[in-house]
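Worksheet: the structure to be examined is printed underneath.
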Amino acid sequence: ALSNLGLVPGSAAFVAGAGALAFYTGVTRLVVGFARLGNLVTSLPKAALEGFVVAAVWMVFSSQTPAMLGAKCVGPMSAHFATAAMWLMSHPAVWHPGTALFAACTFIVMLNGTKIHKMFPSALLCCLVS
């Protein structure tokens, strides 16, 4: 949301914008909760909600691809996170092997943690190890 405003990631303006966005999101959630407007969500079609969640997952995944691979996209494809992710996936020579291996191990733990026990804290384990 902030990149579309032309804010440079890591700059003071970007950090202030992220803080303001988080604050207003929290205030909105509190107002909706105290006003008991949660039932408005039930009026949305299930397919629309599922589509939104899937799109959000793909946006987060593709925006984190450079960090997962320890690489940066260069050239005209680097302008947008989705095209940068596609470029990085098609150029494995620029990947950092250790970072990519760690990301693969994280995926394995996250996807198979419930096979150990249904209450296995996969996300907590991955955060602590990282």
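As shown in the structure tokens, the chain order sets the letters A, B, ...; within each chain, residues go from 1, and ligands are also counted from 1 in the order they appear.
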Exercise: range 86-95 of chain A partners within 8 Å, only C-alpha atoms, chain neighbours under 2 positions left out, as a VMD selection string: chain A and resid 65 to 66 69 to 73 77 82 to 84 97 99 to 100
Residues at most 12 Å from Asn4 in chain A, counting only C-alpha atoms, excluding those fewer than 3 positions away in the same chain, as a PyMOL selection string? chain A and resi 1+7-9+14+17+79-81
Contacts of range 19-33 of chain A at 10 Å or less, counting only C-alpha atoms, minus same-chain residues fewer than 6 places along, as a ChimeraX atom specification? /A:1-2,13,39-40
Store the residues of this selection in a file with N, CA, C and O atoms, as a compact mmCIF listing (two decimals), in the first residue's frame.
# COMPACT_ATOMS: atom_id res chain seq x y z
N ALA A 1 0.82 -1.19 0.00
CA ALA A 1 0.00 0.00 0.00
C ALA A 1 0.86 1.25 0.00
O ALA A 1 0.53 2.23 -0.63
N LEU A 2 1.99 1.21 0.69
CA LEU A 2 2.83 2.40 0.79
C LEU A 2 3.73 2.57 -0.42
O LEU A 2 4.08 3.69 -0.78
N ALA A 13 9.90 8.51 6.00
CA ALA A 13 8.51 8.71 5.57
C ALA A 13 7.80 7.37 5.44
O ALA A 13 6.62 7.24 5.77
N ASN A 39 -21.33 -8.27 11.68
CA ASN A 39 -22.30 -9.03 10.88
C ASN A 39 -22.34 -8.56 9.43
O ASN A 39 -22.91 -9.24 8.58
N LEU A 40 -21.72 -7.42 9.11
CA LEU A 40 -21.66 -6.98 7.72
C LEU A 40 -20.84 -7.94 6.87
O LEU A 40 -21.08 -8.09 5.68
Pick from A:Ala85, A:Cys126, A:Leu5, A:Met119 nearest to Cys105 in chain A, counting only C-alpha atoms: A:Cys126
Using only C-alpha atoms, which residues sit within 12 Å of Met110 in chain A once same-chain residues fewer than 2 positions away are excluded, as a short mmCIF file (atom, residue, chain, number, x, y, z; two decimals) with N, CA and C atoms, in the first residue's frame?
data_model
loop_
_atom_site.label_atom_id
_atom_site.label_comp_id
_atom_site.auth_asym_id
_atom_site.auth_seq_id
_atom_site.Cartn_x
_atom_site.Cartn_y
_atom_site.Cartn_z
N ALA A 103 14.95 -21.10 3.43
CA ALA A 103 13.55 -20.88 3.07
C ALA A 103 12.86 -22.22 2.77
N ALA A 104 13.55 -23.11 2.07
CA ALA A 104 12.97 -24.43 1.77
C ALA A 104 12.73 -25.22 3.04
N CYS A 105 13.68 -25.17 3.97
CA CYS A 105 13.49 -25.87 5.25
C CYS A 105 12.33 -25.28 6.04
N THR A 106 12.19 -23.97 5.98
CA THR A 106 11.06 -23.31 6.66
C THR A 106 9.74 -23.80 6.09
N PHE A 107 9.66 -23.89 4.75
CA PHE A 107 8.43 -24.40 4.12
C PHE A 107 8.14 -25.83 4.59
N ILE A 108 9.16 -26.65 4.65
CA ILE A 108 8.97 -28.05 5.06
C ILE A 108 8.45 -28.13 6.48
N ASN A 112 4.64 -29.42 7.45
CA ASN A 112 4.60 -30.75 8.04
C ASN A 112 4.53 -30.74 9.57
N GLY A 113 4.48 -29.58 10.17
CA GLY A 113 4.45 -29.51 11.62
C GLY A 113 3.26 -30.20 12.24
N THR A 114 2.12 -30.10 11.60
CA THR A 114 0.92 -30.73 12.16
C THR A 114 0.97 -32.25 12.07
N LYS A 115 1.87 -32.78 11.26
CA LYS A 115 2.02 -34.24 11.19
C LYS A 115 2.70 -34.76 12.46
N ILE A 116 3.50 -33.91 13.10
CA ILE A 116 4.12 -34.29 14.37
C ILE A 116 3.06 -34.28 15.47
N LYS A 118 -0.94 -32.00 16.23
CA LYS A 118 -1.83 -30.97 15.71
C LYS A 118 -1.60 -29.61 16.36
N PHE A 120 1.52 -28.54 17.17
CA PHE A 120 2.94 -28.24 16.99
C PHE A 120 3.11 -26.79 16.55
N PRO A 121 3.92 -26.00 17.28
CA PRO A 121 4.06 -24.57 16.96
C PRO A 121 5.06 -24.31 15.82
N SER A 122 4.66 -24.63 14.61
CA SER A 122 5.57 -24.50 13.45
C SER A 122 6.06 -23.08 13.27
N ALA A 123 5.14 -22.12 13.31
CA ALA A 123 5.53 -20.72 13.08
C ALA A 123 6.46 -20.23 14.17
N LEU A 124 6.19 -20.59 15.42
CA LEU A 124 7.05 -20.18 16.52
C LEU A 124 8.45 -20.78 16.37
N LEU A 125 8.52 -22.05 16.03
CA LEU A 125 9.81 -22.71 15.83
C LEU A 125 10.61 -22.04 14.73
N CYS A 126 9.96 -21.74 13.62
CA CYS A 126 10.67 -21.08 12.50
C CYS A 126 11.15 -19.69 12.88
N CYS A 127 10.34 -18.96 13.65
CA CYS A 127 10.77 -17.62 14.09
C CYS A 127 11.95 -17.71 15.05
#
